[in-house]
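start.txt (compact mmCIF, C-alpha atoms)
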# COMPACT_ATOMS: atom_id res chain seq x y z
CA MET A 736 167.38 26.16 0.33
CA GLY A 737 167.25 27.54 -3.22
CA VAL A 738 168.19 25.95 -6.52
CA ASP A 739 171.73 24.96 -7.48
CA VAL A 740 172.52 24.84 -11.18
CA ILE A 741 174.72 22.57 -13.30
CA LEU A 742 175.41 23.64 -16.86
CA GLY A 743 177.98 23.34 -19.62
CA LEU A 744 180.33 26.21 -20.36
CA GLN A 745 181.41 25.24 -23.87
CA TRP A 746 179.48 23.96 -26.91
CA GLY A 747 177.93 21.01 -25.08
CA ASP A 748 179.18 17.47 -24.42
CA GLU A 749 181.09 18.61 -21.32
CA GLY A 750 180.01 15.63 -19.21
CA LYS A 751 177.06 17.17 -17.36
CA GLY A 752 175.15 13.90 -17.04
CA LYS A 753 177.84 12.19 -15.01
CA ILE A 754 178.29 15.16 -12.67
CA VAL A 755 174.54 15.48 -12.09
CA ASP A 756 174.39 11.76 -11.31
CA VAL A 757 177.31 12.05 -8.87
CA LEU A 758 175.94 15.09 -7.04
CA ALA A 759 172.28 14.04 -7.14
CA PRO A 760 172.29 12.22 -3.74
CA ASN A 761 172.86 15.63 -2.11
CA TYR A 762 169.50 16.82 -3.48
CA ASP A 763 165.80 15.99 -3.31
CA ILE A 764 164.84 17.01 -6.86
CA VAL A 765 166.70 17.11 -10.17
CA ALA A 766 164.98 19.29 -12.79
CA ARG A 767 165.68 19.76 -16.51
CA PHE A 768 164.97 23.36 -17.49
CA GLN A 769 165.47 23.63 -21.28
CA GLY A 770 166.33 21.82 -24.47
CA GLY A 771 164.99 18.55 -25.77
CA PRO A 772 166.13 15.32 -27.41
CA ASN A 773 168.93 17.23 -29.18
CA ALA A 774 170.81 16.81 -25.87
CA GLY A 775 172.46 13.55 -24.87
CA HIS A 776 173.71 12.98 -21.33
CA THR A 777 175.81 9.84 -20.98
CA LEU A 778 176.13 7.96 -17.68
CA LYS A 779 178.31 4.92 -17.00
CA PHE A 780 178.11 2.78 -13.86
CA ASP A 781 178.00 -0.90 -12.88
CA GLY A 782 179.45 -1.79 -16.27
CA LYS A 783 176.49 -0.27 -18.12
CA LYS A 784 176.07 2.81 -20.30
CA PHE A 785 172.93 4.96 -20.46
CA VAL A 786 172.21 7.96 -22.67
CA LEU A 787 169.42 10.29 -21.54
CA HIS A 788 167.89 12.85 -23.90
CA THR A 789 164.87 14.14 -21.97
CA VAL A 790 164.81 12.40 -18.59
CA PRO A 791 166.89 14.19 -15.89
CA SER A 792 170.15 12.49 -14.94
CA GLY A 793 169.05 11.90 -11.35
CA ILE A 794 166.67 9.12 -12.37
CA PHE A 795 169.12 6.35 -11.42
CA ARG A 796 169.29 7.54 -7.80
CA GLU A 797 166.57 5.92 -5.68
CA HIS A 798 163.96 8.13 -4.01
CA LEU A 799 165.06 11.19 -5.99
CA ILE A 800 162.32 13.17 -7.76
CA ASN A 801 163.04 14.12 -11.38
CA LEU A 802 161.13 16.92 -13.09
CA ILE A 803 160.98 17.69 -16.81
CA GLY A 804 160.41 21.44 -16.61
CA ASN A 805 158.25 23.73 -18.72
CA GLY A 806 161.28 25.00 -20.68
CA VAL A 807 161.90 21.54 -22.15
CA VAL A 808 160.41 20.40 -25.46
CA ILE A 809 159.35 16.75 -25.45
CA ASP A 810 159.18 14.20 -28.24
CA PRO A 811 157.00 11.34 -26.90
CA ILE A 812 158.77 8.86 -29.20
CA THR A 813 162.20 9.64 -27.77
CA LEU A 814 160.81 9.72 -24.23
CA LYS A 815 159.24 6.27 -24.62
CA LYS A 816 162.56 4.80 -25.80
CA GLU A 817 164.34 6.29 -22.78
CA ILE A 818 161.71 4.98 -20.37
CA THR A 819 161.92 1.51 -21.95
CA ASN A 820 165.68 1.46 -21.31
CA ILE A 821 165.16 2.66 -17.75
CA GLU A 822 162.57 -0.06 -17.13
CA GLN A 823 164.88 -2.72 -18.55
CA ALA A 824 167.55 -1.55 -16.08
CA GLY A 825 165.13 -2.28 -13.24
CA VAL A 826 164.72 1.37 -12.22
CA ALA A 827 161.50 2.28 -10.42
CA TYR A 828 160.59 5.62 -11.95
CA LYS A 829 156.79 5.96 -12.17
CA ASP A 830 156.30 8.09 -9.07
CA ARG A 831 159.67 9.86 -9.44
CA LEU A 832 159.47 11.21 -13.00
CA LEU A 833 157.20 14.25 -13.24
CA VAL A 834 156.35 16.39 -16.27
CA ALA A 835 155.43 20.08 -16.23
CA ARG A 836 152.11 20.72 -17.95
CA LYS A 837 153.53 23.79 -19.70
CA ALA A 838 156.32 21.84 -21.47
CA HIS A 839 155.82 21.91 -25.25
CA LEU A 840 155.39 18.86 -27.47
CA ILE A 841 157.45 18.01 -30.55
CA LEU A 842 155.13 16.77 -33.29
CA PRO A 843 156.20 14.53 -36.20
CA THR A 844 155.68 17.49 -38.52
CA HIS A 845 158.13 19.52 -36.42
CA ARG A 846 160.80 16.96 -37.32
CA TYR A 847 159.59 16.95 -40.93
CA LEU A 848 159.99 20.74 -41.08
CA ASP A 849 163.39 20.58 -39.41
CA ALA A 850 164.71 18.11 -41.98
CA ALA A 851 163.22 20.00 -44.92
CA THR A 852 164.53 23.42 -43.92
CA GLU A 853 168.00 22.10 -43.12
CA ALA A 854 168.19 20.24 -46.44
CA ALA A 855 167.17 23.41 -48.29
CA LYS A 856 170.08 25.36 -46.76
CA GLY A 857 172.70 23.34 -48.61
CA LYS A 858 176.18 24.55 -47.65
CA SER A 859 174.66 27.05 -45.19
CA LYS A 860 173.45 24.31 -42.84
CA ILE A 861 173.73 25.17 -39.13
CA GLY A 862 174.20 21.56 -38.07
CA SER A 863 170.70 20.86 -36.72
CA THR A 864 170.20 17.51 -35.00
CA LEU A 865 166.94 17.21 -37.00
CA LYS A 866 164.98 16.45 -33.83
CA GLY A 867 162.38 19.15 -34.45
CA ILE A 868 163.67 21.40 -31.69
CA GLY A 869 163.84 24.66 -33.65
CA PRO A 870 160.37 24.40 -35.24
CA THR A 871 158.87 23.51 -31.84
CA TYR A 872 160.37 26.56 -30.15
CA MET A 873 159.22 28.65 -33.14
CA ASP A 874 155.65 27.51 -32.54
CA LYS A 875 156.08 28.22 -28.85
CA THR A 876 157.09 31.84 -29.48
CA GLY A 877 154.54 32.04 -32.30
CA ARG A 878 151.87 31.19 -29.74
CA ASN A 879 150.39 28.17 -31.47
CA GLY A 880 152.36 25.27 -29.99
CA LEU A 881 150.94 22.25 -28.18
CA ARG A 882 151.76 21.69 -24.52
CA VAL A 883 151.71 18.59 -22.34
CA GLY A 884 148.64 19.86 -20.50
CA ASP A 885 146.75 20.02 -23.81
CA ILE A 886 146.82 16.22 -24.00
CA THR A 887 144.13 16.03 -21.32
CA THR A 888 141.75 18.51 -22.99
CA ALA A 889 138.68 17.44 -24.95
CA ASN A 890 139.78 19.19 -28.15
CA PHE A 891 143.39 17.98 -28.19
CA LYS A 892 143.01 16.16 -31.51
CA GLN A 893 141.57 19.30 -33.11
CA LYS A 894 144.53 21.36 -31.85
CA TYR A 895 146.90 18.71 -33.18
CA GLU A 896 145.29 18.67 -36.63
CA ALA A 897 145.31 22.48 -36.84
CA LEU A 898 149.04 22.66 -36.08
CA LYS A 899 149.76 19.79 -38.45
CA ALA A 900 147.88 21.60 -41.22
CA LYS A 901 149.96 24.72 -40.64
CA HIS A 902 153.16 22.68 -40.91
CA LEU A 903 152.04 20.92 -44.10
CA GLY A 904 151.36 24.32 -45.62
CA LEU A 905 154.86 25.50 -44.74
CA LEU A 906 156.41 22.34 -46.15
CA LYS A 907 155.14 23.28 -49.61
CA LEU A 908 157.77 26.05 -49.60
CA TYR A 909 160.62 23.53 -49.53
CA PRO A 910 161.89 20.83 -51.89
CA ALA A 911 160.39 17.42 -51.17
CA ILE A 912 162.31 15.09 -48.85
CA ASP A 913 161.81 11.47 -47.80
CA PHE A 914 159.68 11.46 -44.64
CA ASP A 915 157.02 8.81 -43.87
CA LEU A 916 154.56 11.01 -41.99
CA ALA A 917 151.86 8.36 -41.56
CA LYS A 918 154.33 5.95 -39.97
CA GLU A 919 155.79 8.65 -37.70
CA GLU A 920 152.33 9.79 -36.62
CA ALA A 921 151.26 6.28 -35.70
CA GLN A 922 154.38 5.85 -33.58
CA TRP A 923 153.88 9.31 -32.01
CA PHE A 924 150.32 8.65 -30.85
CA GLU A 925 151.32 5.24 -29.52
CA SER A 926 154.20 6.81 -27.57
CA LEU A 927 151.84 9.47 -26.23
CA GLU A 928 150.30 6.80 -23.99
CA THR A 929 153.65 6.39 -22.19
CA LEU A 930 153.81 10.14 -21.57
CA LYS A 931 150.20 10.20 -20.33
CA ALA A 932 151.06 7.55 -17.75
CA LEU A 933 153.50 9.93 -16.02
CA PRO A 934 152.36 12.40 -13.33
CA PHE A 935 151.69 15.88 -14.78
CA VAL A 936 152.33 18.83 -12.46
CA ASP A 937 152.17 22.61 -12.55
CA GLY A 938 155.94 22.81 -12.51
CA GLU A 939 156.27 26.38 -11.25
CA TYR A 940 154.10 25.70 -8.20
CA TYR A 941 155.71 22.32 -7.61
CA ILE A 942 159.26 23.70 -7.52
CA ASN A 943 158.44 26.80 -5.46
CA ASN A 944 156.47 24.77 -2.92
CA ALA A 945 159.37 22.33 -2.69
CA ILE A 946 161.77 25.21 -2.01
CA LYS A 947 159.46 26.55 0.70
CA ALA A 948 159.40 23.09 2.26
CA GLY A 949 163.20 23.10 2.50
CA LYS A 950 163.83 20.71 -0.39
CA LYS A 951 167.13 20.93 -2.27
CA VAL A 952 166.80 21.31 -6.04
CA LEU A 953 169.44 20.74 -8.70
CA ALA A 954 168.68 22.30 -12.09
CA GLU A 955 170.24 20.40 -15.00
CA GLY A 956 171.08 22.23 -18.22
CA ALA A 957 171.28 20.73 -21.68
CA GLN A 958 173.77 21.56 -24.46
CA GLY A 959 176.33 24.28 -23.66
CA SER A 960 176.41 27.99 -22.94
CA MET A 961 177.98 28.79 -26.33
CA LEU A 962 174.80 27.46 -27.95
CA ASP A 963 172.56 29.93 -26.10
CA ILE A 964 170.09 31.59 -28.48
CA ASP A 965 171.04 35.09 -27.27
CA PHE A 966 174.70 34.81 -26.31
CA GLY A 967 176.06 31.86 -28.27
CA THR A 968 177.83 31.77 -31.64
CA TYR A 969 174.73 32.93 -33.52
CA PRO A 970 173.32 31.67 -35.86
CA PHE A 971 175.03 28.35 -35.03
CA VAL A 972 173.10 28.00 -31.79
CA THR A 973 170.15 26.14 -30.31
CA SER A 974 166.65 27.59 -29.83
CA SER A 975 166.61 28.09 -26.05
CA ASN A 976 168.50 29.87 -23.29
CA THR A 977 171.13 27.40 -22.09
CA ILE A 978 172.58 29.76 -19.44
CA THR A 979 171.57 30.31 -15.81
CA ALA A 980 168.90 32.82 -16.81
CA GLY A 981 167.09 29.93 -18.52
CA VAL A 982 166.60 28.24 -15.14
CA CYS A 983 164.22 31.00 -14.07
CA THR A 984 162.05 30.83 -17.19
CA GLY A 985 162.47 27.07 -17.66
CA LEU A 986 161.31 26.15 -14.15
CA GLY A 987 159.36 29.21 -13.03
CA ILE A 988 161.56 30.44 -10.19
CA ALA A 989 162.81 33.90 -9.22
CA PRO A 990 166.50 34.84 -9.74
CA THR A 991 166.84 35.19 -5.96
CA GLN A 992 166.33 31.44 -5.64
CA ILE A 993 169.56 30.61 -7.53
CA GLY A 994 172.29 29.28 -5.24
CA GLU A 995 175.48 27.60 -6.46
CA VAL A 996 176.17 27.69 -10.19
CA ILE A 997 178.40 24.76 -11.10
CA GLY A 998 179.99 25.24 -14.51
CA ILE A 999 181.41 22.25 -16.38
CA THR A 1000 184.21 22.36 -18.91
CA LYS A 1001 186.35 19.73 -20.53
CA ALA A 1002 190.11 19.99 -20.06
CA TYR A 1003 190.13 20.68 -23.80
CA CYS A 1004 187.35 21.80 -26.14
CA THR A 1005 184.93 20.17 -28.60
CA ARG A 1006 182.09 21.16 -30.88
CA VAL A 1007 179.58 19.17 -32.96
CA GLY A 1008 178.34 20.52 -36.28
CA SER A 1009 178.99 23.83 -38.00
CA GLY A 1010 180.00 27.17 -36.53
CA PRO A 1011 183.07 29.07 -35.32
CA PHE A 1012 185.60 27.29 -33.11
CA PRO A 1013 188.70 29.46 -32.48
CA THR A 1014 190.98 26.80 -30.93
CA GLU A 1015 190.01 23.97 -33.27
CA LEU A 1016 192.83 21.58 -34.12
CA HIS A 1017 193.11 20.14 -37.60
CA GLY A 1018 195.31 17.22 -38.54
CA GLU A 1019 196.94 14.63 -36.30
CA VAL A 1020 196.54 16.36 -32.92
CA GLY A 1021 192.83 16.99 -33.37
CA GLU A 1022 192.28 13.46 -34.61
CA PHE A 1023 194.25 12.07 -31.64
CA LEU A 1024 192.03 14.00 -29.20
CA ARG A 1025 188.91 12.70 -30.96
CA LYS A 1026 190.13 9.12 -30.78
CA GLU A 1027 191.33 9.26 -27.16
CA GLY A 1028 188.21 11.08 -25.98
CA GLN A 1029 185.81 8.97 -28.07
CA GLU A 1030 184.42 12.26 -29.29
CA PHE A 1031 181.26 11.32 -31.11
CA GLY A 1032 177.89 12.93 -30.39
CA ALA A 1033 175.71 11.05 -27.88
CA THR A 1034 172.60 12.15 -29.80
CA THR A 1035 173.71 12.19 -33.44
CA GLY A 1036 176.83 10.02 -33.47
CA ARG A 1037 178.59 12.73 -35.47
CA PRO A 1038 182.35 13.13 -34.90
CA ARG A 1039 183.13 16.13 -32.70
CA ARG A 1040 185.59 18.78 -33.74
CA CYS A 1041 188.38 19.01 -31.15
CA GLY A 1042 190.73 21.71 -29.95
CA TRP A 1043 192.66 23.14 -27.02
CA ILE A 1044 190.88 24.73 -24.07
CA ASP A 1045 189.75 28.31 -24.80
CA ILE A 1046 190.12 30.76 -21.90
CA PRO A 1047 188.41 33.87 -23.42
CA GLN A 1048 185.44 31.69 -24.34
CA LEU A 1049 185.26 30.20 -20.84
CA ARG A 1050 185.64 33.57 -19.10
CA TYR A 1051 182.73 34.79 -21.23
CA THR A 1052 180.37 31.96 -20.21
CA ILE A 1053 181.52 32.10 -16.58
CA MET A 1054 180.51 35.78 -16.59
CA LEU A 1055 177.13 35.13 -18.25
CA ASN A 1056 176.24 32.31 -15.85
CA GLY A 1057 177.57 33.71 -12.58
CA VAL A 1058 179.58 30.52 -12.07
CA THR A 1059 180.60 29.94 -8.44
CA GLN A 1060 182.61 26.73 -8.93
CA LEU A 1061 184.07 24.74 -11.80
CA VAL A 1062 184.20 21.07 -12.72
CA ILE A 1063 186.95 19.94 -15.12
CA THR A 1064 186.12 16.75 -17.01
CA LYS A 1065 188.11 14.37 -19.23
CA ILE A 1066 191.52 15.49 -17.97
CA ASP A 1067 192.61 11.88 -18.49
CA ILE A 1068 192.28 12.33 -22.26
CA LEU A 1069 195.38 14.55 -22.10
CA ASP A 1070 197.46 11.83 -20.38
CA LYS A 1071 199.62 11.03 -23.40
CA PHE A 1072 200.59 14.55 -24.45
CA GLU A 1073 204.19 15.64 -23.97
CA SER A 1074 203.06 19.26 -24.06
CA LEU A 1075 199.70 21.01 -24.00
CA GLN A 1076 198.43 24.34 -25.21
CA ILE A 1077 196.08 26.72 -23.40
CA GLY A 1078 194.29 29.30 -25.56
CA ALA A 1079 194.90 32.21 -23.18
CA GLN A 1080 193.88 35.19 -25.34
CA TYR A 1081 192.71 36.17 -28.84
CA GLN A 1082 194.28 38.23 -31.58
CA VAL A 1083 191.45 40.10 -33.34
CA ASN A 1084 192.20 42.65 -36.05
CA GLY A 1085 195.81 42.83 -34.87
CA ALA A 1086 194.90 43.58 -31.25
CA THR A 1087 195.21 41.21 -28.28
CA THR A 1088 192.00 40.79 -26.28
CA ASN A 1089 190.40 38.69 -23.56
CA GLU A 1090 186.90 39.32 -24.93
CA LEU A 1091 184.81 37.63 -27.60
CA PRO A 1092 183.94 39.81 -30.60
CA PHE A 1093 180.30 40.51 -31.50
CA ASP A 1094 180.29 37.89 -34.24
CA LEU A 1095 182.82 35.06 -34.26
CA CYS A 1096 181.62 33.97 -37.71
CA ASP A 1097 182.83 37.04 -39.59
CA GLN A 1098 185.93 37.88 -37.52
CA SER A 1099 189.40 36.52 -38.05
CA ILE A 1100 190.42 35.18 -34.65
CA THR A 1101 193.87 33.84 -33.85
CA PRO A 1102 194.32 32.27 -30.41
CA VAL A 1103 197.35 33.27 -28.36
CA TYR A 1104 198.60 30.07 -26.76
CA GLU A 1105 200.46 29.25 -23.56
CA GLU A 1106 202.47 26.04 -23.60
CA HIS A 1107 202.15 23.70 -20.65
CA THR A 1108 204.17 20.57 -19.86
CA GLY A 1109 202.20 17.33 -20.06
CA TRP A 1110 202.27 14.66 -17.34
CA GLN A 1111 202.33 11.52 -19.55
CA GLN A 1112 200.85 9.38 -16.78
CA ASP A 1113 197.56 7.49 -16.46
CA LEU A 1114 195.17 9.54 -14.30
CA THR A 1115 192.15 7.26 -14.56
CA LYS A 1116 192.79 5.58 -11.20
CA THR A 1117 193.72 8.74 -9.30
CA THR A 1118 191.17 9.66 -6.62
CA SER A 1119 193.04 12.35 -4.67
CA PHE A 1120 194.20 15.73 -5.93
CA ASP A 1121 197.38 15.38 -3.92
CA ASP A 1122 198.20 12.20 -5.85
CA LEU A 1123 198.11 13.89 -9.25
CA PRO A 1124 201.45 14.42 -10.99
CA LEU A 1125 202.91 17.85 -10.31
CA THR A 1126 202.44 18.93 -13.93
CA ALA A 1127 198.75 17.91 -13.88
CA LYS A 1128 198.20 19.88 -10.66
CA SER A 1129 200.00 22.80 -12.25
CA TYR A 1130 197.66 22.63 -15.27
CA VAL A 1131 194.58 22.70 -13.02
CA HIS A 1132 195.97 25.56 -10.92
CA ARG A 1133 196.77 27.54 -14.07
CA LEU A 1134 193.18 27.15 -15.29
CA GLU A 1135 191.93 28.34 -11.89
CA THR A 1136 194.15 31.41 -12.09
CA LEU A 1137 193.13 32.29 -15.63
CA LEU A 1138 189.41 31.70 -15.04
CA GLU A 1139 189.29 33.26 -11.56
CA VAL A 1140 186.85 30.64 -10.24
CA PRO A 1141 187.71 27.76 -7.87
CA ILE A 1142 187.74 24.24 -9.30
CA SER A 1143 185.87 21.86 -7.02
CA ILE A 1144 185.88 18.59 -9.00
CA VAL A 1145 188.23 16.99 -11.53
CA SER A 1146 186.84 14.02 -13.47
CA THR A 1147 189.36 11.37 -14.50
CA GLY A 1148 187.12 9.01 -16.47
CA PRO A 1149 183.52 8.26 -17.51
CA ASN A 1150 182.47 6.18 -14.50
CA ARG A 1151 180.93 7.46 -11.28
CA LYS A 1152 183.97 6.64 -9.15
CA GLN A 1153 186.53 8.20 -11.49
CA LEU A 1154 186.42 11.52 -9.70
CA ILE A 1155 188.63 13.81 -7.62
CA ILE A 1156 187.08 16.16 -5.09
CA LYS A 1157 189.57 18.99 -5.13
CA ASP A 1158 187.73 21.34 -2.78
CA THR A 1159 185.58 19.67 -0.13
CA ALA A 1160 184.51 23.08 1.17
CA LEU A 1161 182.59 23.62 -2.07
CA VAL A 1162 181.16 20.18 -2.70
CA SER A 1163 180.77 16.84 -0.96
CA VAL A 1164 179.98 13.50 -2.56
This structure in structure tokens:
Amino acid sequence: MGVDVILGLQWGDEGKGKIVDVLAPNYDIVARFQGGPNAGHTLKFDGKKFVLHTVPSGIFREHLINLIGNGVVIDPITLKKEITNIEQAGVAYKDRLLVARKAHLILPTHRYLDAATEAAKGKSKIGSTLKGIGPTYMDKTGRNGLRVGDITTANFKQKYEALKAKHLGLLKLYPAIDFDLAKEEAQWFESLETLKALPFVDGEYYINNAIKAGKKVLAEGAQGSMLDIDFGTYPFVTSSNTITAGVCTGLGIAPTQIGEVIGITKAYCTRVGSGPFPTELHGEVGEFLRKEGQEFGATTGRPRRCGWIDIPQLRYTIMLNGVTQLVITKIDILDKFESLQIGAQYQVNGATTNELPFDLCDQSITPVYEEHTGWQQDLTKTTSFDDLPLTAKSYVHRLETLLEVPISIVSTGPNRKQLIIKDTALVSV
């Protein structure tokens, strides 16, 4: 049956959690393949709001297996908080939440290092979430990280102390910061018991055996494609591969197993933290988008920078990911605009282009905009594409034309039922 993929096409916060939750009943397994607690997937249903950082977004669907893959980095403290919230919601998860033994662990000293190095950068900060993600991936590639499977070994404490000692040595290179290591360690080891209570699996064998058995797998990405370590707006990126290629290394499957690639984009564009953002809006319009869209980070609470939708950027990530269908989220946030802008092309060094330059940080980029008439109607209760105002349908069709990929779903609000299935041939809910 293969593995279908859901991932964000912008700088994150595209609404992946809701779409995974909506599509999850069509699958047997939902698997996270990269990232860590720097991601925040928000789900709203039955009058409640949940934010997941590590647990896959299929956890609220009964009988669905959820796998935290080997490409994910796990902070036991964050995971315990998530599981506590899930338990309080009455969700039976214990036999449905699996953890790959090869997933790496975030230690308290990883977070200590993250905070110290970011503080030392001053004005050159990259906007880290300070969750210890970067230092953990550095230890992974440096071949001295700790993995989930290490927890069950006899010399786990020795391995922990050796890595901690390395980190404390590195911390001497940076100015002192306020970090209560003893308190954080005590909480970490206590939270480790919650992680140990979950079933550990050899994720690569588990997923491949499931595929052989005819199970349907949905791979869930974290963050957005423009934060990919190789192809994002470097150095303002995350520490993992957020694109489709990351599914193969993050779950242990062959490229031939990839099926549908469902790319998610907002009807406009946002970014948290530092880094280039060609279509960013400053002033009243940007502030209006932030207010209407409640654009504050699910993980950090930081206000998101807002701007018009960026076609060259989206065409770039569609190409990188091999996107087969698109989901447009938060179109309802544009309800009150009399006119909209679509960033259709770039002006770079006096030339018009559809391509992203090598380095967006050092290039002067001016978007070339198309104006589009707004609909000025409430779309939050619309459930059929045919019932959308003509100007809203025209906006969606124009995006399809520019991006050259069919749009299958249009989201009109944060809740499960606020959804339009535009193309039933591509997706069914």
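Proximity ranking of A:Val834, A:Leu881, A:Val982, A:Leu848 relative to Glu896 of chain A places A:Leu881 first, based on all atoms listed in the file.
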Checklist outcome for this item: Cys1041 of chain A proximity check over A:Gln1060, A:Thr844, A:Gln1076, A:Thr1005, using all atoms listed in the file: winner is A:Thr1005
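Taking only C-alpha atoms into account, Pro1047 of chain A lies nearest to A:Thr1088 out of the set A:Thr1059, A:Thr984, A:Thr1088, A:Ala855.
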Next on the checklist: Please list as a PyMOL selection string every residue within 9 Å of segment 799-807 of chain A, counting all atoms listed in the file and excluding residues in the same chain fewer than 4 positions away.
Outcome noted: chain A and resi 759-760+762-771+789-795+828+830-840+882+937-939+942+975+981-982+984-987
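Picture a line from atom CA of Lys816 of chain A to atom CA of Thr852 of chain A; it runs 26.1 Å.
The interatomic distance for the pair atom CA of Val1020 of chain A and atom CA of Lys1071 of chain A works out to 11.3 Å.
You will find atom CA of Pro1124 of chain A at 9.6 Å from atom CA of Gly1109 of chain A.
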Item to check | Residues near Leu1055 of chain A, cut-off 10 Å, all atoms listed in the file, skip fewer than 6 positions along chain, as a ChimeraX atom specification | outcome: /A:744,960,966,978-980,1049
Give, as JSON, the centre coordinates and the x, y and z edge lengths in Å to one decimal for an axis-aligned box around all listed atoms of segment 1011-1015 of chain A, padded by 6 Å on each side.
{"center_x": 187.0, "center_y": 26.7, "center_z": -33.1, "size_x": 19.9, "size_y": 17.5, "size_z": 16.4}
Item to check | Polymer residues at most 12 Å from Pro1011 of chain A, only C-alpha atoms, same-chain spacing of 3 or more positions, as a VMD selection string | outcome: chain A and resid 746 861 to 862 961 to 962 967 to 972 1005 to 1008 1014 to 1015 1040 1042 1048 1091 to 1092 1094 to 1101
